[in-house]
$ cat data-v4.txt   # compact mmCIF, C-alpha atoms
# COMPACT_ATOMS: atom_id res chain seq x y z
CA MET A 1 0.00 0.00 0.00
CA THR A 2 1.73 3.10 -1.22
CA LYS A 3 -1.18 5.46 -1.68
CA SER A 4 -1.80 8.11 0.91
CA ILE A 5 -5.09 7.95 2.77
CA GLU A 6 -6.00 11.34 1.25
CA ALA A 7 -5.65 9.86 -2.25
CA MET A 8 -7.60 6.75 -1.27
CA TRP A 9 -10.44 8.94 -0.05
CA LYS A 10 -10.45 11.23 -3.06
CA GLU A 11 -10.25 8.47 -5.62
CA GLY A 12 -12.62 6.32 -3.62
CA PHE A 13 -15.53 8.61 -4.21
CA VAL A 14 -15.18 8.85 -7.97
CA ASN A 15 -18.66 10.08 -8.38
CA GLU A 16 -20.18 11.43 -5.25
CA ALA A 17 -23.54 11.82 -6.96
CA LYS A 18 -23.71 8.06 -7.25
CA LEU A 19 -23.83 7.65 -3.49
CA THR A 20 -27.32 6.36 -3.01
CA ALA A 21 -29.14 7.89 -0.09
CA PRO A 22 -31.44 5.51 1.76
CA GLU A 23 -35.08 6.40 1.32
CA ILE A 24 -36.71 8.25 4.15
CA ASN A 25 -39.48 5.80 4.75
CA ASP A 26 -41.19 4.19 7.62
CA LEU A 27 -39.14 6.22 10.08
CA TYR A 28 -42.15 7.68 11.85
CA ASN A 29 -43.90 4.33 11.81
CA ARG A 30 -41.02 2.69 13.61
CA GLU A 31 -40.56 5.60 16.00
CA SER A 32 -44.27 5.58 16.84
CA GLU A 33 -44.39 1.84 17.46
CA ASN A 34 -41.19 1.94 19.52
CA MET A 35 -42.46 4.77 21.66
CA VAL A 36 -45.88 3.21 22.27
CA ASP A 37 -44.32 -0.19 23.00
CA LYS A 38 -41.89 1.40 25.46
CA LEU A 39 -44.66 3.26 27.29
CA LEU A 40 -46.88 0.18 27.44
CA LYS A 41 -44.00 -1.85 28.83
CA MET A 42 -43.43 0.84 31.46
CA PHE A 43 -47.12 0.79 32.42
CA ASP A 44 -47.06 -2.99 32.65
CA LEU A 45 -43.94 -2.88 34.81
CA ASN A 46 -45.62 -0.26 36.98
CA ILE A 47 -48.58 -2.57 37.68
CA LYS A 48 -46.20 -5.37 38.67
CA ALA A 49 -44.30 -2.97 40.94
CA ILE A 50 -47.58 -1.92 42.59
CA ILE A 51 -48.56 -5.56 43.23
CA TRP A 52 -45.17 -6.33 44.76
CA GLY A 53 -45.25 -3.05 46.69
CA CYS A 54 -48.61 -4.10 48.13
CA VAL A 55 -47.26 -7.45 49.32
CA ILE A 56 -44.12 -5.89 50.78
CA MET A 57 -46.19 -3.19 52.50
CA LEU A 58 -48.44 -5.83 54.09
CA VAL A 59 -45.47 -7.82 55.38
CA MET A 60 -43.61 -4.76 56.65
CA MET A 61 -46.65 -3.28 58.38
CA SER A 62 -47.31 -6.63 60.04
CA LEU A 63 -43.72 -6.75 61.23
CA ILE A 64 -43.90 -3.29 62.80
CA GLY A 65 -47.16 -4.18 64.53
CA ALA A 66 -49.58 -2.45 62.18
CA PRO A 67 -51.10 -5.32 60.15
CA PHE A 68 -54.45 -3.58 59.83
CA LEU A 69 -52.86 -0.56 58.26
CA GLY A 70 -51.05 -2.88 55.81
CA LEU A 71 -54.32 -4.58 54.97
CA TYR A 72 -56.08 -1.23 54.67
CA ILE A 73 -53.43 0.07 52.21
CA CYS A 74 -53.69 -3.16 50.21
CA CYS A 75 -57.44 -2.69 49.98
CA LEU A 76 -56.92 0.91 48.85
CA ILE A 77 -54.43 -0.13 46.18
CA SER A 78 -56.30 -3.14 44.80
CA PRO A 79 -58.75 -1.02 42.75
CA LEU A 80 -55.70 0.64 41.16
CA ILE A 81 -54.46 -2.76 39.98
CA ILE A 82 -57.87 -3.59 38.53
CA ILE A 83 -58.15 -0.18 36.85
CA SER A 84 -54.61 -0.45 35.42
CA LYS A 85 -55.26 -3.90 33.97
CA LYS A 86 -58.55 -2.73 32.44
CA GLU A 87 -56.92 0.35 30.97
CA LEU A 88 -54.05 -1.66 29.50
CA LYS A 89 -56.51 -4.07 27.89
CA LYS A 90 -58.06 -1.15 26.02
CA THR A 91 -54.79 -0.64 24.13
CA VAL A 92 -55.50 -3.81 22.14
CA ASN A 93 -58.02 -1.72 20.21
CA LEU A 94 -55.24 0.56 19.00
CA SER A 95 -54.58 -0.81 15.56
CA LYS A 96 -51.06 -0.64 14.22
CA GLY A 97 -52.55 -0.86 10.74
CA GLN A 98 -53.53 2.81 10.84
CA SER A 99 -51.15 5.54 9.71
CA SER A 100 -48.47 6.25 12.28
CA TYR A 101 -50.05 9.65 12.98
CA ASP A 102 -53.49 8.13 13.59
CA TYR A 103 -51.92 5.42 15.70
CA LEU A 104 -50.08 7.93 17.88
CA VAL A 105 -53.11 10.17 18.20
CA SER A 106 -55.34 7.26 19.22
CA PHE A 107 -52.69 6.17 21.73
CA ASN A 108 -52.49 9.70 23.08
CA ASN A 109 -56.28 9.85 23.40
CA TRP A 110 -56.26 6.56 25.28
CA LEU A 111 -53.48 7.92 27.50
CA GLN A 112 -55.41 11.09 28.34
CA SER A 113 -58.55 9.13 29.12
CA SER A 114 -56.54 6.75 31.33
CA ILE A 115 -54.98 9.67 33.16
CA ASP A 116 -58.48 11.06 33.80
CA THR A 117 -59.60 7.68 35.17
CA TYR A 118 -56.56 7.44 37.43
CA SER A 119 -57.05 11.05 38.59
CA GLY A 120 -60.54 10.08 39.77
CA TYR A 121 -59.10 7.14 41.67
CA TYR A 122 -56.35 9.20 43.31
CA LYS A 123 -58.89 11.78 44.50
CA ILE A 124 -60.16 9.01 46.77
CA PHE A 125 -56.86 7.22 47.37
CA TYR A 126 -54.75 10.08 48.72
CA PRO A 127 -57.19 11.36 51.38
CA LEU A 128 -58.06 7.83 52.51
CA PHE A 129 -54.39 6.89 52.59
CA PHE A 130 -53.62 9.91 54.74
CA LEU A 131 -56.58 9.18 56.99
CA GLY A 132 -55.39 5.58 57.48
CA MET A 133 -51.91 6.76 58.40
CA ALA A 134 -53.32 9.37 60.79
CA VAL A 135 -55.59 6.84 62.52
CA GLN A 136 -52.69 4.38 62.84
CA ALA A 137 -50.55 7.15 64.34
CA ILE A 138 -53.27 8.03 66.84
CA VAL A 139 -53.85 4.46 68.03
CA SER A 140 -50.14 3.66 68.28
CA LYS A 141 -48.29 3.89 71.60
CA ALA A 142 -46.10 6.75 70.43
CA GLY A 143 -49.16 8.55 69.09
CA GLY A 144 -50.90 8.20 72.47
CA LYS A 145 -47.92 9.81 74.18
CA VAL A 146 -47.87 12.69 71.70
CA ILE A 147 -51.61 13.29 72.14
CA ALA A 148 -51.22 13.28 75.94
CA LEU A 149 -48.42 15.82 75.66
CA LEU A 150 -50.53 17.90 73.30
CA VAL A 151 -53.50 17.96 75.67
CA GLU A 152 -51.17 18.99 78.48
CA LYS A 153 -49.72 21.88 76.45
CA ILE A 154 -53.01 22.97 74.86
CA PRO A 155 -55.76 21.95 77.26
CA THR A 156 -59.36 21.85 76.02
CA ASP A 157 -62.75 20.74 77.28
CA ILE A 158 -63.93 19.75 73.82
CA ILE A 159 -62.99 16.12 73.37
CA LEU A 160 -64.33 14.10 70.42
CA PHE A 161 -63.73 10.34 70.16
CA GLY A 162 -61.22 10.74 72.97
CA LEU A 163 -59.22 13.29 71.02
CA PRO A 164 -58.84 17.07 71.41
CA TYR A 165 -61.09 18.80 68.88
CA TYR A 166 -58.21 20.73 67.26
CA LEU A 167 -56.46 17.48 66.38
CA ILE A 168 -59.58 16.23 64.62
CA VAL A 169 -60.01 19.55 62.86
CA THR A 170 -56.36 19.47 61.72
CA ILE A 171 -56.71 15.91 60.38
CA ALA A 172 -59.98 16.82 58.66
CA ILE A 173 -58.40 19.88 56.99
CA ALA A 174 -55.36 17.85 55.90
CA THR A 175 -57.64 15.14 54.48
CA LEU A 176 -59.63 17.75 52.55
CA LEU A 177 -56.40 19.29 51.26
CA PHE A 178 -55.25 15.88 50.05
CA ALA A 179 -58.58 15.43 48.28
CA ARG A 180 -58.33 18.90 46.78
CA TYR A 181 -54.75 18.47 45.51
CA ALA A 182 -54.87 14.74 44.76
CA GLU A 183 -54.93 15.36 41.03
CA ALA A 184 -51.96 17.72 41.22
CA ILE A 185 -49.99 15.20 43.32
CA TYR A 186 -50.82 12.46 40.83
CA HIS A 187 -49.74 14.59 37.85
CA TRP A 188 -46.53 15.52 39.64
CA ASP A 189 -45.83 11.85 40.30
CA LEU A 190 -46.70 10.96 36.71
CA ASN A 191 -44.35 13.62 35.44
CA ILE A 192 -41.45 12.24 37.46
CA ILE A 193 -41.90 8.71 36.11
CA TYR A 194 -43.12 9.27 32.55
CA GLY A 195 -42.42 12.97 31.93
CA ARG A 196 -39.63 12.38 29.42
CA GLN A 197 -41.60 9.85 27.42
CA PHE A 198 -44.73 12.01 27.39
CA LYS A 199 -42.67 14.96 26.14
CA LYS A 200 -41.25 12.82 23.34
CA LEU A 201 -44.73 11.67 22.42
CA ASP A 202 -45.97 15.26 22.23
CA GLU A 203 -42.97 16.27 20.12
CA LEU A 204 -43.48 13.39 17.72
CA ILE A 205 -47.16 14.20 17.29
CA ALA A 206 -46.29 17.89 16.79
CA ASP A 207 -43.71 16.92 14.12
CA MET A 208 -46.23 14.79 12.34
CA GLU A 209 -48.88 17.47 12.51
CA GLU A 210 -46.47 19.93 10.94
CA LEU A 211 -45.83 17.44 8.17
CA ARG A 212 -49.49 17.03 7.48
CA LYS A 213 -50.01 20.78 7.01
CA MET B 214 -40.16 16.15 6.96
CA GLY B 215 -41.34 18.22 4.02
CA SER B 216 -40.39 16.75 0.68
CA ASP B 217 -39.24 20.20 -0.54
CA PHE B 218 -36.95 20.61 2.43
CA TYR B 219 -35.45 17.17 1.85
CA GLN B 220 -34.90 17.82 -1.87
CA LEU B 221 -33.44 21.30 -1.38
CA TYR B 222 -31.51 21.16 1.85
CA ILE B 223 -30.64 17.54 2.52
CA LEU B 224 -30.36 15.59 -0.70
CA PRO B 225 -27.60 17.79 -2.17
CA TYR B 226 -25.60 17.11 0.99
CA ALA B 227 -26.54 13.44 1.29
CA GLY B 228 -22.95 12.50 0.41
CA ILE B 229 -21.71 14.09 3.63
CA ILE B 230 -24.29 12.23 5.72
CA ILE B 231 -23.62 8.91 3.95
CA LYS B 232 -19.85 9.18 4.38
CA ILE B 233 -20.17 9.96 8.08
CA CYS B 234 -22.88 7.43 8.90
CA ARG B 235 -20.92 4.74 7.13
CA ALA B 236 -17.94 5.32 9.41
CA TYR B 237 -20.07 4.71 12.48
CA THR B 238 -22.16 1.73 11.42
CA ASN B 239 -21.53 -1.88 10.57
CA SER B 240 -24.77 -2.98 8.98
CA GLN B 241 -27.12 -1.70 6.33
CA GLU B 242 -29.96 -1.50 8.85
CA ASP B 243 -27.96 0.63 11.28
CA PHE B 244 -26.68 2.76 8.42
CA GLU B 245 -30.23 3.53 7.28
CA ASP B 246 -31.34 4.22 10.85
CA TYR B 247 -28.48 6.68 11.39
CA TYR B 248 -29.05 8.32 8.02
CA GLN B 249 -32.75 8.81 8.69
CA GLU B 250 -32.11 10.11 12.18
CA VAL B 251 -29.60 12.65 10.84
CA CYS B 252 -32.14 13.84 8.24
CA LEU B 253 -34.76 14.16 10.92
CA GLN B 254 -32.45 16.11 13.21
CA VAL B 255 -31.39 18.41 10.37
CA TRP B 256 -35.04 19.15 9.73
CA ARG B 257 -35.87 19.60 13.40
CA SER B 258 -32.96 21.93 14.04
CA LYS B 259 -33.30 23.95 10.85
CA ASP B 260 -34.51 26.98 12.80
CA ASN B 261 -31.36 26.94 14.93
CA PHE B 262 -29.11 27.39 11.93
CA ASN B 263 -27.79 30.91 12.35
CA GLN B 264 -26.00 31.22 8.98
CA GLU B 265 -22.72 32.11 10.64
CA SER B 266 -21.25 28.95 9.20
CA GLU B 267 -22.04 27.16 5.96
CA TRP B 268 -25.01 24.86 5.63
CA SER B 269 -22.63 21.97 4.85
CA THR B 270 -20.77 22.61 8.12
CA TRP B 271 -24.10 22.48 9.91
CA ILE B 272 -24.83 19.13 8.24
CA TYR B 273 -21.41 17.79 9.28
CA ARG B 274 -22.00 18.88 12.84
CA ILE B 275 -25.46 17.33 13.10
CA SER B 276 -24.34 14.12 11.38
CA LEU B 277 -21.48 13.67 13.81
CA ASN B 278 -23.61 14.58 16.81
CA VAL B 279 -26.29 12.09 15.84
CA CYS B 280 -23.78 9.30 15.13
CA LEU B 281 -21.91 9.85 18.38
CA THR B 282 -25.12 10.08 20.42
CA TYR B 283 -26.60 6.98 18.78
CA LEU B 284 -23.40 5.03 19.29
CA LYS B 285 -23.19 6.06 22.93
CA ARG B 286 -26.85 5.21 23.52
CA ARG B 287 -26.52 1.83 21.86
CA LYS B 288 -23.36 1.03 23.76
CA SER B 289 -24.97 1.88 27.09
CA GLY B 290 -28.03 -0.18 26.16
CA ASP B 291 -25.77 -3.04 25.05
CA LYS B 292 -27.88 -3.31 21.93
CA GLU B 293 -24.90 -3.25 19.69
CA ILE B 294 -21.32 -4.19 20.23
CA VAL B 295 -19.16 -2.03 18.06
CA SER B 296 -16.77 -4.44 16.50
CA ASP B 297 -13.68 -3.82 14.50
CA THR B 298 -14.72 -6.11 11.70
CA LEU B 299 -17.64 -5.80 9.37
CA PRO B 300 -20.40 -8.36 9.79
CA GLU B 301 -21.69 -10.43 6.89
CA GLU B 302 -24.51 -8.00 6.28
CA ALA B 303 -22.12 -5.20 5.41
CA ILE B 304 -23.14 -2.02 3.68
CA ASP B 305 -23.41 -2.56 0.00
CA ASP B 306 -22.85 0.76 -1.65
CA SER B 307 -19.88 -0.42 -3.64
CA LYS B 308 -21.34 0.95 -6.84
CA ALA B 309 -20.45 4.43 -5.65
CA PHE B 310 -16.84 3.57 -5.02
CA ALA B 311 -14.04 3.27 -7.49
CA SER B 312 -12.17 0.55 -5.70
CA ASP B 313 -11.92 -1.66 -2.67
CA GLU B 314 -9.38 0.76 -1.27
CA ILE B 315 -12.08 2.97 0.15
CA ASN B 316 -13.65 -0.02 1.87
CA GLU B 317 -10.24 -0.83 3.31
CA LEU B 318 -9.90 2.74 4.50
CA TYR B 319 -13.35 2.65 6.12
CA ASN B 320 -12.45 -0.59 7.89
CA ALA B 321 -9.31 1.07 9.23
CA ILE B 322 -11.26 4.17 10.29
CA LYS B 323 -13.61 1.96 12.29
CA HIS B 324 -10.65 0.87 14.43
CA LEU B 325 -10.33 4.47 15.70
CA SER B 326 -12.07 6.03 18.65
CA GLU B 327 -15.33 7.86 17.92
CA THR B 328 -13.78 11.34 18.13
CA ASP B 329 -10.75 10.36 16.05
CA ARG B 330 -13.14 9.04 13.40
CA ALA B 331 -14.88 12.41 13.35
CA ILE B 332 -11.59 14.29 13.04
CA ILE B 333 -10.19 12.18 10.22
CA LEU B 334 -13.47 12.26 8.28
CA LEU B 335 -13.53 16.04 8.45
CA TYR B 336 -9.85 16.20 7.49
CA LEU B 337 -10.43 13.93 4.49
CA GLU B 338 -13.35 16.12 3.52
CA GLU B 339 -10.80 18.94 3.34
CA LYS B 340 -12.19 20.94 6.22
CA THR B 341 -9.74 23.46 7.68
CA TYR B 342 -8.33 22.97 11.17
CA GLU B 343 -10.50 25.84 12.34
CA GLU B 344 -13.62 24.22 10.92
CA ILE B 345 -12.73 20.85 12.41
CA ALA B 346 -12.14 22.45 15.79
CA GLU B 347 -15.44 24.31 15.52
CA ILE B 348 -17.41 21.22 14.54
CA ILE B 349 -16.00 18.91 17.17
CA GLY B 350 -15.67 21.64 19.79
CA SER B 351 -11.91 21.44 20.28
CA ASN B 352 -8.86 23.65 20.24
CA THR B 353 -7.36 24.42 16.79
CA ASN B 354 -3.80 23.91 18.11
CA ASN B 355 -4.48 20.28 18.98
CA ILE B 356 -6.05 19.37 15.67
CA GLY B 357 -2.87 19.26 13.57
CA VAL B 358 -1.01 17.05 16.02
CA ARG B 359 -3.99 14.80 16.43
CA ILE B 360 -4.50 14.41 12.67
CA LYS B 361 -0.85 13.42 12.25
CA ARG B 362 -1.23 10.79 14.95
CA ILE B 363 -4.49 9.46 13.50
CA LYS B 364 -2.97 9.23 10.00
CA ASP B 365 0.01 7.27 11.34
CA ARG B 366 -2.34 4.88 13.09
CA LEU B 367 -4.49 4.46 9.99
CA ASN B 368 -1.45 3.72 7.84
CA LYS B 369 -0.31 1.11 10.34
CA ILE B 370 -3.73 -0.56 10.37
CA ILE B 371 -3.95 -0.57 6.57
CA LYS B 372 -0.45 -2.02 6.22
CA ARG B 373 -1.20 -4.68 8.81
CA GLU B 374 -4.36 -5.73 7.02
CA ASP B 375 -2.78 -5.80 3.55

$ encode --input "data-v4.txt" --output "C-alpha cells"
Amino acid sequence: MTKSIEAMWKEGFVNEAKLTAPEINDLYNRESENMVDKLLKMFDLNIKAIIWGCVIMLVMMSLIGAPFLGLYICCLISPLIIISKKELKKTVNLSKGQSSYDYLVSFNNWLQSSIDTYSGYYKIFYPLFFLGMAVQAIVSKAGGKVIALLVEKIPTDIILFGLPYYLIVTIAIATLLFARYAEAIYHWDLNIIYGRQFKKLDELIADMEELRK
Amino acid sequence: MGSDFYQLYILPYAGIIIKICRAYTNSQEDFEDYYQEVCLQVWRSKDNFNQESEWSTWIYRISLNVCLTYLKRRKSGDKEIVSDTLPEEAIDDSKAFASDEINELYNAIKHLSETDRAIILLYLEEKTYEEIAEIIGSNTNNIGVRIKRIKDRLNKIIKRED
C-alpha cells in the first residue's frame, strides 16, 4: 500500500452523486411503534411494581405491629391494579394498521382518558391513605404519648372520640387538602416517572402534525 | 419532513451524511437508521441554523452529533457491540466507489475512537483545522497534532491488514 489515505479517499468517491441515499421511509412508523411499545411496557412494569409493593407493604406493616394498616393500604391499592389492567386491555383496540399519525393520536387519546380515570381514583386514594396513616398514628403507643403531651400543652374541654377537637379539625383539613390536591400530586408523580416519554410523544405528534399541514 | 426541504436542503448534501454514517455503522440496517435520524435532526434543528457557518458545516456537525449520540446510547443499552470487523450484512454501496481501497480505509477508520473518526473524516473532507475544531468543539492547536497521529495509526492498520 503506497497510496496516501488522502488519495484513497479522493479516488474512492469517484462520483459522489452516485452515493445512493437511503429512502426516508417508515421512520415515523417505527418511531411511533417503539415509543408506544416502550410506554406500554413501562405501564405494565408499573402494575407489577404496585402488586409487589402491596405485598411488601403488608409484610412490613405486620412486622412493625400495624397489620391492619397494611391490609387497609392493600385494599386501597387493589382497585388501582384492577383499573390499570382494564386500561391496558383497552390498548388492544389501538390498531397498528392505521397511519403512524393516527396510531399515535389514538394512543395519546387513550393515554389522556386513562390519566383522567386514574385522577378520579387518586382523588379518593390520597385522602383515605392519609386518613389511614393518621388513625394508625393516633392508636399507636407513640401517638398516644404525643396526644397526651398535646393535651397537656393545649388543654381543652372539647374532646371528640377521645381526642382534642383541634387534632380532629387538623386531620380533617389535611384530608380535605389531600382530596383537593390529589390530582396535582398524581400529575406531579406521573411527570417524574413518565415525563420524558410524554414529552417525546408530544414532540413526535407535533412533528407529524407539521408534516401534514 | 417536508419533501421540498429534503430535496433542497438535505439531498444535495446526502454524500456528507452517507460518508459519516458509514464510518459509524456496521450494517445496512444501522446505516439507514443513522441516516434517517440525521435527516430528521437536520429538519428539526433547521430553525437553529444561524447562517454564521455554511449549511454543509451544519450538516457535518449534526451528522457527527447524531452518530456519536446513537453510538453512545446503543453502547450503554448493550444493543450493539461495536466491533472492528464488518459483519456479513455489510453495507453494500460499492457501486459508488471506485475501488476496494475505500472499503479498506473505512475498515481502518472503524478501528479508531469515535472522536478520532470524526476528526479524520472532516480532514479527508478537506475541512480546515478551524472548521474541524469548531465542529467537534476542540482547540485548533491540537487538531494538527492529532491528525498526524491518526494518520500514522491508519497507515499502520492498513499495512497490517494488507

$ atom_distance --input "data-v4.txt" --atom1 "atom CA of Phe178 of chain A" --atom2 "atom CA of Pro127 of chain A"
5.1 Å

$ closest_residue --input "data-v4.txt" --among "B:Leu277, B:Ile349, B:Leu284, B:Cys234" --to "chain A" --atoms "only C-alpha atoms"
B:Cys234

$ closest_residue --input "data-v4.txt" --among "A:Asn108, A:Thr175, A:Leu40, A:Glu87" --to "Asp202 of chain A" --atoms "all atoms listed in the file"
A:Asn108

$ residues_around --input "data-v4.txt" --residues "segment 258-273 of chain B" --least-positions-apart "3" --cutoff "10 Å" --atoms "all atoms listed in the file" --output "NGL selection string"
:B and (218 or 222-223 or 225-227 or 229-230 or 233 or 251-255 or 276-279 or 331 or 334-335 or 340 or 344-345 or 347-349)

$ atom_distance --input "data-v4.txt" --atom1 "atom CA of Asp44 of chain A" --atom2 "atom CA of Gly120 of chain A"
20.1 Å

$ residues_around --input "data-v4.txt" --residues "Tyr181 of chain A" --least-positions-apart "3" --cutoff "12 Å" --atoms "only C-alpha atoms" --output "list in words"
Ser119, Gly120, Tyr122, Lys123, Ile124, Phe125, Tyr126, Pro127, Ala174, Thr175, Leu176, Leu177, Phe178, Ala184, Ile185, Tyr186, His187 and Trp188 of chain A

$ atom_distance --input "data-v4.txt" --atom1 "atom CA of Ser114 of chain A" --atom2 "atom CA of Ala172 of chain A"
29.3 Å

$ residues_around --input "data-v4.txt" --residues "Glu6 of chain A" --least-positions-apart "4" --cutoff "9 Å" --atoms "all atoms listed in the file" --output "list in words"
Lys10 and Glu11 of chain A; Tyr336 and Leu337 of chain B

$ residues_around --input "data-v4.txt" --residues "segment 160-166 of chain A" --least-positions-apart "6" --cutoff "10 Å" --atoms "all atoms listed in the file" --output "ChimeraX atom specification"
/A:138,144,147-148,150-151,154,172

$ closest_residue --input "data-v4.txt" --among "B:Arg287, B:Leu221, B:Glu374, B:Thr353" --to "chain A" --atoms "all atoms listed in the file"
B:Glu374

$ residues_around --input "data-v4.txt" --residues "segment 46-54 of chain A" --least-positions-apart "3" --cutoff "10 Å" --atoms "only C-alpha atoms" --output "ChimeraX atom specification"
/A:40-43,57-60,70-71,73-78,80-85,88,193
